[in-house]
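Structure file final.tsv (TSV, C-alpha atoms and all ligand atoms) is printed below.
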chain	number	residue	atom	x	y	z
A	1201	MET	CA	21.69	65.38	-60.91
A	1202	VAL	CA	23.05	63.46	-57.96
A	1203	ILE	CA	21.94	64.58	-54.53
A	1204	PRO	CA	23.99	63.58	-51.47
A	1205	LYS	CA	23.02	60.46	-49.53
A	1206	ILE	CA	19.84	60.39	-47.51
A	1207	GLY	CA	20.03	57.53	-45.08
A	1208	SER	CA	21.58	54.65	-46.97
A	1209	ALA	CA	20.16	55.66	-50.33
A	1210	LYS	CA	21.68	58.04	-52.87
A	1211	ILE	CA	19.00	60.16	-54.40
A	1212	ASP	CA	18.85	61.75	-57.79
A	1213	ILE	CA	15.85	63.95	-58.35
A	1214	ILE	CA	14.58	64.17	-61.88
A	1215	PHE	CA	11.80	66.49	-62.81
A	1216	ASP	CA	10.15	65.80	-66.12
A	1217	CYS	CA	12.46	62.85	-66.76
A	1218	ALA	CA	12.98	62.41	-70.51
A	1219	SER	CA	13.20	58.63	-70.43
A	1220	TYR	CA	9.89	58.48	-68.65
A	1221	PHE	CA	8.17	60.77	-71.10
A	1222	SER	CA	9.40	58.78	-74.05
A	1223	ASN	CA	6.86	56.16	-73.01
A	1224	PHE	CA	4.00	58.47	-73.87
A	1225	ALA	CA	2.51	58.79	-77.31
A	1226	PRO	CA	3.32	62.23	-78.81
A	1227	ASN	CA	-0.30	63.37	-78.80
A	1228	LYS	CA	-0.41	62.91	-75.06
A	1229	MET	CA	2.58	65.12	-74.34
A	1230	PHE	CA	0.44	67.60	-72.40
A	1231	THR	CA	0.52	65.21	-69.48
A	1232	LEU	CA	4.22	66.08	-69.04
A	1233	PHE	CA	3.53	68.90	-66.68
A	1234	SER	CA	1.54	66.82	-64.25
A	1235	ILE	CA	4.39	64.40	-63.66
A	1236	SER	CA	7.54	64.53	-61.61
A	1237	ALA	CA	9.92	61.74	-60.80
A	1238	LYS	CA	12.68	60.84	-58.42
A	1239	ARG	CA	15.37	58.24	-59.01
A	1240	ILE	CA	16.68	56.43	-55.95
A	1241	TYR	CA	19.62	54.12	-55.45
A	1242	HIS	CA	18.88	51.38	-52.95
A	1243	PRO	CA	21.74	49.23	-51.56
A	1244	VAL	CA	19.77	45.98	-51.89
A	1245	ILE	CA	17.59	46.32	-54.99
A	1246	GLY	CA	19.62	48.90	-56.90
A	1247	GLU	CA	18.10	51.82	-58.73
A	1248	TYR	CA	14.39	52.52	-58.82
A	1249	LEU	CA	12.18	55.32	-60.03
A	1250	ILE	CA	9.29	56.96	-58.22
A	1251	VAL	CA	6.89	58.70	-60.58
A	1252	LYS	CA	4.22	61.10	-59.42
A	1253	ASN	CA	1.24	61.30	-61.69
A	1254	ARG	CA	-1.94	63.30	-61.29
A	1255	LYS	CA	-3.86	60.48	-62.95
A	1256	SER	CA	-2.72	57.82	-60.43
A	1257	LYS	CA	-5.13	57.01	-57.65
A	1258	THR	CA	-3.05	54.38	-55.84
A	1259	MET	CA	0.62	53.45	-55.39
A	1260	ARG	CA	1.69	50.92	-57.97
A	1261	LEU	CA	4.93	48.98	-57.89
A	1262	SER	CA	6.27	47.24	-60.99
A	1263	VAL	CA	9.44	45.38	-62.00
A	1264	HIS	CA	10.04	45.42	-65.72
A	1265	SER	CA	12.93	43.95	-67.73
A	1266	LYS	CA	13.54	47.18	-69.68
A	1267	ARG	CA	12.01	49.91	-67.52
A	1268	GLY	CA	13.40	48.52	-64.24
A	1269	ILE	CA	11.81	49.00	-60.84
A	1270	ARG	CA	9.21	51.73	-60.82
A	1271	ILE	CA	6.64	52.97	-58.40
A	1272	GLY	CA	3.79	55.12	-59.63
A	1273	ILE	CA	2.17	57.29	-56.96
A	1274	PRO	CA	-0.68	59.80	-56.84
A	1275	TYR	CA	0.47	63.42	-57.00
A	1276	HIS	CA	-0.43	64.26	-53.40
A	1277	VAL	CA	1.62	61.36	-51.97
A	1278	GLN	CA	5.08	62.32	-50.66
A	1279	PHE	CA	8.17	60.69	-52.20
A	1280	THR	CA	9.21	59.63	-48.67
A	1281	GLU	CA	5.96	57.70	-48.31
A	1282	ALA	CA	6.70	55.84	-51.55
A	1283	GLU	CA	10.21	55.04	-50.28
A	1284	LYS	CA	8.72	53.53	-47.11
A	1285	PHE	CA	6.33	51.52	-49.28
A	1286	VAL	CA	9.24	50.20	-51.36
A	1287	GLU	CA	11.12	49.34	-48.16
A	1288	SER	CA	8.14	47.23	-47.01
A	1289	LYS	CA	8.14	45.39	-50.36
A	1290	ILE	CA	11.87	44.57	-50.62
A	1291	ASP	CA	11.31	40.80	-50.39
A	1292	TRP	CA	8.68	40.93	-53.16
A	1293	ILE	CA	10.98	43.03	-55.37
A	1294	LYS	CA	13.91	40.67	-54.79
A	1295	LYS	CA	11.76	37.71	-55.83
A	1296	ALA	CA	10.52	39.58	-58.92
A	1297	LEU	CA	14.12	40.45	-59.88
A	1298	GLU	CA	15.19	36.82	-59.46
A	1299	LYS	CA	12.31	35.64	-61.64
A	1300	GLN	CA	13.26	38.20	-64.29
A	1301	LYS	CA	16.90	37.08	-64.21
A	1302	LYS	CA	15.82	33.47	-64.72
A	1303	ARG	CA	13.65	34.52	-67.66
A	1304	GLU	CA	16.62	36.33	-69.21
A	1305	GLU	CA	18.82	33.25	-68.77
A	1306	LYS	CA	16.44	31.23	-70.93
A	1307	VAL	CA	17.57	30.18	-74.35
A	1308	LYS	CA	16.51	32.88	-76.78
A	1309	ILE	CA	14.77	32.08	-80.03
A	1310	GLY	CA	15.58	34.24	-83.03
A	1311	MET	CA	13.54	34.10	-86.22
A	1312	GLY	CA	15.32	36.85	-88.13
A	1313	TYR	CA	17.67	36.70	-91.12
A	1314	GLY	CA	20.55	34.28	-90.42
A	1315	ASP	CA	19.00	32.86	-87.24
A	1316	GLU	CA	18.75	29.15	-86.63
A	1317	ILE	CA	16.55	27.13	-84.30
A	1318	LYS	CA	18.07	23.76	-83.47
A	1319	ILE	CA	15.54	20.96	-83.49
A	1320	ILE	CA	15.96	17.26	-82.73
A	1321	GLY	CA	17.49	15.73	-85.84
A	1322	GLY	CA	17.98	19.03	-87.66
A	1323	ALA	CA	17.48	22.79	-87.63
A	1324	ILE	CA	15.23	25.57	-88.92
A	1325	GLN	CA	17.09	28.37	-90.69
A	1326	PHE	CA	15.74	31.78	-91.64
A	1327	TRP	CA	16.57	33.63	-94.80
A	1328	GLU	CA	15.32	36.92	-96.15
A	1329	GLY	CA	14.93	37.43	-99.87
A	1330	ASN	CA	13.09	38.90	-102.78
A	1331	PHE	CA	10.05	36.66	-102.53
A	1332	ASN	CA	6.36	37.41	-102.74
A	1333	LYS	CA	5.45	35.14	-99.88
A	1334	ILE	CA	7.04	32.88	-97.31
A	1335	GLU	CA	8.59	29.72	-98.78
A	1336	VAL	CA	9.54	26.71	-96.68
A	1337	ILE	CA	11.94	24.13	-98.05
A	1338	CYS	CA	12.78	20.85	-96.40
A	1339	ALA	CA	16.47	20.34	-97.24
A	1340	GLU	CA	18.87	17.49	-96.56
A	1341	GLY	CA	20.03	16.58	-93.05
A	1342	GLY	CA	16.77	17.55	-91.35
A	1343	LYS	CA	17.25	21.22	-92.30
A	1344	TRP	CA	14.21	23.41	-92.86
A	1345	LEU	CA	14.81	26.64	-94.71
A	1346	VAL	CA	12.31	29.42	-94.18
A	1347	TYR	CA	12.63	32.13	-96.85
A	1348	TYR	CA	10.57	35.22	-96.26
A	1349	PRO	CA	9.99	38.49	-98.13
A	1350	LEU	CA	11.62	41.74	-96.95
A	1351	HIS	CA	8.30	43.06	-95.70
A	1352	HIS	CA	6.73	40.23	-93.79
A	1353	LYS	CA	4.80	39.82	-90.60
A	1354	SER	CA	6.70	38.04	-87.83
A	1355	GLU	CA	3.39	36.33	-86.99
A	1356	GLU	CA	3.51	34.57	-90.39
A	1357	VAL	CA	7.08	33.33	-89.80
A	1358	ARG	CA	6.03	32.09	-86.36
A	1359	GLY	CA	3.10	30.27	-88.00
A	1360	GLU	CA	5.50	28.49	-90.38
A	1361	VAL	CA	7.74	27.44	-87.49
A	1362	ILE	CA	4.71	25.97	-85.70
A	1363	ARG	CA	3.76	24.06	-88.88
A	1364	ILE	CA	7.30	22.67	-89.18
A	1365	LEU	CA	7.29	21.63	-85.51
A	1366	GLN	CA	3.92	19.94	-86.00
A	1367	LYS	CA	5.34	17.93	-88.90
A	1368	VAL	CA	8.63	16.92	-87.30
A	1369	SER	CA	7.04	16.13	-83.92
A	1370	LYS	CA	4.56	13.78	-85.63
A	1371	SER	CA	7.36	11.69	-87.03
A	1372	TYR	CA	9.44	11.72	-83.84
A	1373	LEU	CA	7.48	12.00	-80.57
A	1374	PRO	CA	5.01	9.08	-81.04
A	1375	ALA	CA	7.90	6.73	-81.91
A	1376	ARG	CA	10.01	7.99	-79.01
A	1377	LEU	CA	7.13	7.59	-76.54
A	1378	GLU	CA	6.45	4.08	-77.84
A	1379	TYR	CA	10.15	3.23	-77.56
A	1380	PHE	CA	10.30	4.11	-73.85
A	1381	ALA	CA	6.85	2.62	-73.11
A	1382	GLN	CA	7.94	-0.73	-74.58
A	1383	MET	CA	11.35	-0.61	-72.93
A	1384	TYR	CA	9.98	0.02	-69.43
A	1385	GLY	CA	6.59	-1.69	-69.72
A	1386	PHE	CA	4.26	1.34	-69.53
A	1387	LYS	CA	0.81	1.22	-71.11
A	1388	TYR	CA	-0.73	4.49	-72.25
A	1389	ASN	CA	-4.00	5.04	-74.06
A	1390	LYS	CA	-3.56	7.77	-76.70
A	1391	LEU	CA	-0.92	10.36	-77.47
A	1392	PHE	CA	-1.91	13.92	-78.38
A	1393	LEU	CA	0.59	16.42	-79.72
A	1394	LYS	CA	-0.13	19.95	-78.54
A	1395	ASN	CA	1.07	23.42	-79.37
A	1396	ASN	CA	0.76	25.18	-76.03
A	1397	ILE	CA	2.70	27.53	-73.80
A	1398	SER	CA	1.59	26.28	-70.40
A	1399	ASN	CA	3.30	22.89	-70.15
A	1400	TRP	CA	5.71	20.54	-71.88
A	1401	GLY	CA	3.60	17.47	-71.31
A	1402	SER	CA	0.80	15.99	-69.22
A	1403	CYS	CA	-0.84	12.68	-68.40
A	1404	SER	CA	-4.61	12.38	-67.97
A	1405	VAL	CA	-6.61	10.12	-65.66
A	1406	LYS	CA	-7.63	8.19	-68.78
A	1407	SER	CA	-3.91	7.46	-69.34
A	1408	ASN	CA	-3.74	9.72	-72.37
A	1409	ILE	CA	-0.44	11.49	-72.79
A	1410	ASN	CA	-0.05	15.01	-74.19
A	1411	LEU	CA	3.32	16.14	-75.47
A	1412	ASN	CA	4.17	19.66	-76.59
A	1413	ILE	CA	5.43	19.99	-80.19
A	1414	HIS	CA	8.01	22.51	-78.86
A	1415	LEU	CA	9.83	19.58	-77.25
A	1416	MET	CA	11.42	19.30	-80.70
A	1417	ARG	CA	13.32	22.55	-79.94
A	1418	ILE	CA	15.06	21.27	-76.80
A	1419	PRO	CA	17.98	18.82	-76.49
A	1420	GLN	CA	16.99	15.21	-77.03
A	1421	GLU	CA	18.04	14.13	-73.53
A	1422	VAL	CA	15.79	16.80	-71.97
A	1423	CYS	CA	12.92	15.82	-74.28
A	1424	ASP	CA	13.39	12.19	-73.15
A	1425	TYR	CA	13.18	13.37	-69.55
A	1426	VAL	CA	9.75	14.96	-70.25
A	1427	ILE	CA	8.52	11.79	-72.01
A	1428	LEU	CA	9.71	9.61	-69.11
A	1429	HIS	CA	8.13	12.02	-66.62
A	1430	GLU	CA	4.72	11.54	-68.26
A	1431	LEU	CA	5.16	7.78	-68.56
A	1432	VAL	CA	6.00	7.47	-64.85
A	1433	HIS	CA	2.75	9.35	-64.10
A	1434	LEU	CA	0.91	6.30	-65.52
A	1435	LYS	CA	2.09	4.49	-62.41
A	1436	TYR	CA	2.34	7.32	-59.87
A	1437	ARG	CA	-0.27	10.06	-60.38
A	1438	ASN	CA	1.39	12.58	-58.05
A	1439	HIS	CA	4.85	14.03	-57.59
A	1440	GLY	CA	5.60	12.05	-54.44
A	1441	ALA	CA	8.82	10.35	-53.40
A	1442	GLU	CA	8.01	7.11	-55.25
A	1443	PHE	CA	7.39	9.05	-58.45
A	1444	HIS	CA	10.73	10.86	-58.20
A	1445	ASN	CA	12.63	7.69	-57.30
A	1446	ALA	CA	11.24	5.89	-60.35
A	1447	LEU	CA	11.84	8.83	-62.69
A	1448	ASN	CA	15.34	9.41	-61.37
A	1449	TYR	CA	16.15	5.74	-61.91
A	1450	LEU	CA	14.92	5.88	-65.53
A	1451	CYS	CA	16.87	9.10	-66.12
A	1452	GLY	CA	20.11	7.46	-65.00
A	1453	GLY	CA	20.18	9.50	-61.77
A	1454	LYS	CA	19.99	12.82	-63.62
A	1455	GLU	CA	16.40	13.86	-62.88
A	1456	LYS	CA	17.31	17.06	-61.00
A	1457	GLU	CA	19.92	18.05	-63.56
A	1458	LEU	CA	17.52	17.53	-66.48
A	1459	LYS	CA	14.68	19.33	-64.70
A	1460	LYS	CA	16.97	22.35	-64.20
A	1461	GLU	CA	18.04	22.22	-67.84
A	1462	LEU	CA	14.39	22.17	-68.96
A	1463	LEU	CA	13.79	25.45	-67.10
A	1464	ARG	CA	16.14	27.18	-69.55
A	1465	TYR	CA	13.64	26.65	-72.36
A	1466	ASN	CA	10.33	28.26	-73.02
A	1467	PRO	CA	7.51	26.54	-74.94
A	1468	GLU	CA	6.43	29.94	-76.22
A	1469	ILE	CA	8.05	31.40	-79.33
B	1501	ZN	ZN	4.28	15.71	-63.46
Represent the structure from my file as structure tokens, please.
Amino acid sequence: MVIPKIGSAKIDIIFDCASYFSNFAPNKMFTLFSISAKRIYHPVIGEYLIVKNRKSKTMRLSVHSKRGIRIGIPYHVQFTEAEKFVESKIDWIKKALEKQKKREEKVKIGMGYGDEIKIIGGAIQFWEGNFNKIEVICAEGGKWLVYYPLHHKSEEVRGEVIRILQKVSKSYLPARLEYFAQMYGFKYNKLFLKNNISNWGSCSVKSNINLNIHLMRIPQEVCDYVILHELVHLKYRNHGAEFHNALNYLCGGKEKELKKELLRYNPEI
């Protein structure tokens, strides 16, 4: 139901909004009658939903990729008060929306039937079949075939992908690091291969280098950029101008471009 404009915002009042209630488990449906909601169109941030709930004690603003912008308010708080609150948080919401957009632009990883994850020197392909358990076959041309039963846990498939990445990274990353270290005269202590979601690589004060096994899932040139980044840290421990000049030189003047490209990938699968 669309209500005429109030100020610069079009307002659509929804009582007992079905899409909102679908988020509740069926056995909690009795809470329906303590909730009312109001959908608002804002010229800057687009549509958002204000939801009154008897259980809420404070106003709570959230930006979610599927549910959109939502503000939960206690029942006694007026909708107009919530609108003022949203107005005071426009900059925060804009930033949250931008972050979300960037996340959505990232390269997606599929591990379902027919999906393929490109890796340096090959690919991992996923097949579904009449098997009792997950089977992994290393085929020609660097191809890894993951066959899984019809009823499988995605966690198990993910575990197999991690195992494959551990194997292929062991035979690639140490050699690649050594190649660049020799070429440019860097001396590191030890290399550790890590499966983590917080960084692509790091360099310790003891000159140990950590590289993420998920580097195998990104283009080789971008992986080289990460390796060079960590090697340059052996000489410059910070991210100062000298560090960037040296790294940019070793990347053939493409440091910024490669850094931007790296942001499209996520070490988490
Ligand atoms: Zn760094």
Residue neighbourhood region 1312-1324 of chain A, 6 Å, only C-alpha atoms, exclusion window fewer than 4 positions, as JSON, numbers by chain | {"A": [1328, 1342, 1343, 1344, 1345, 1416, 1417]}
Separation of atom ZN of ligand ZN 1501 (chain B) from CA of Tyr1379 (chain A), in Å and rounded to one decimal = 19.7 Å
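Each of A:Lys1367, A:Arg1260, A:Lys1266, A:His1414 was checked against Leu1462 (chain A) using only C-alpha atoms; the smallest atom-to-atom distance is that of A:His1414.
Residue nearest Lys1289 (chain A) within the list A:Leu1463, A:Ile1337, A:Ile1245, A:Ile1309: A:Ile1245 [criterion: smallest interatomic distance, all atoms listed in the file].
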Enumerate residues in contact with ligand ZN 1501 (chain B): an atom-to-atom distance of at most 7 Å, counting only C-alpha atoms and all ligand atoms. Format the result as a list of chain:residue names.
-> A:Ser1402, A:His1429, A:Glu1430, A:His1433, A:Asn1438, A:His1439
Counting all atoms listed in the file, the residue among A:Ser1371, A:Ser1265, A:Ser1398, A:Asn1253 that lies closest to Gln1300 (chain A) is A:Ser1265
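Pairwise distance (CA of Asn1389 (chain A), CA of Lys1370 (chain A)) equals 16.8 Å.
One distance worth recording is that between CA of Ala1237 (chain A) and CA of Asp1291 (chain A), which is 23.4 Å.
Take the candidates A:Arg1239, A:His1352, A:Lys1284, A:Arg1363 and check each one against Gly1268 (chain A) using all atoms listed in the file; the shortest distance goes to A:Arg1239.
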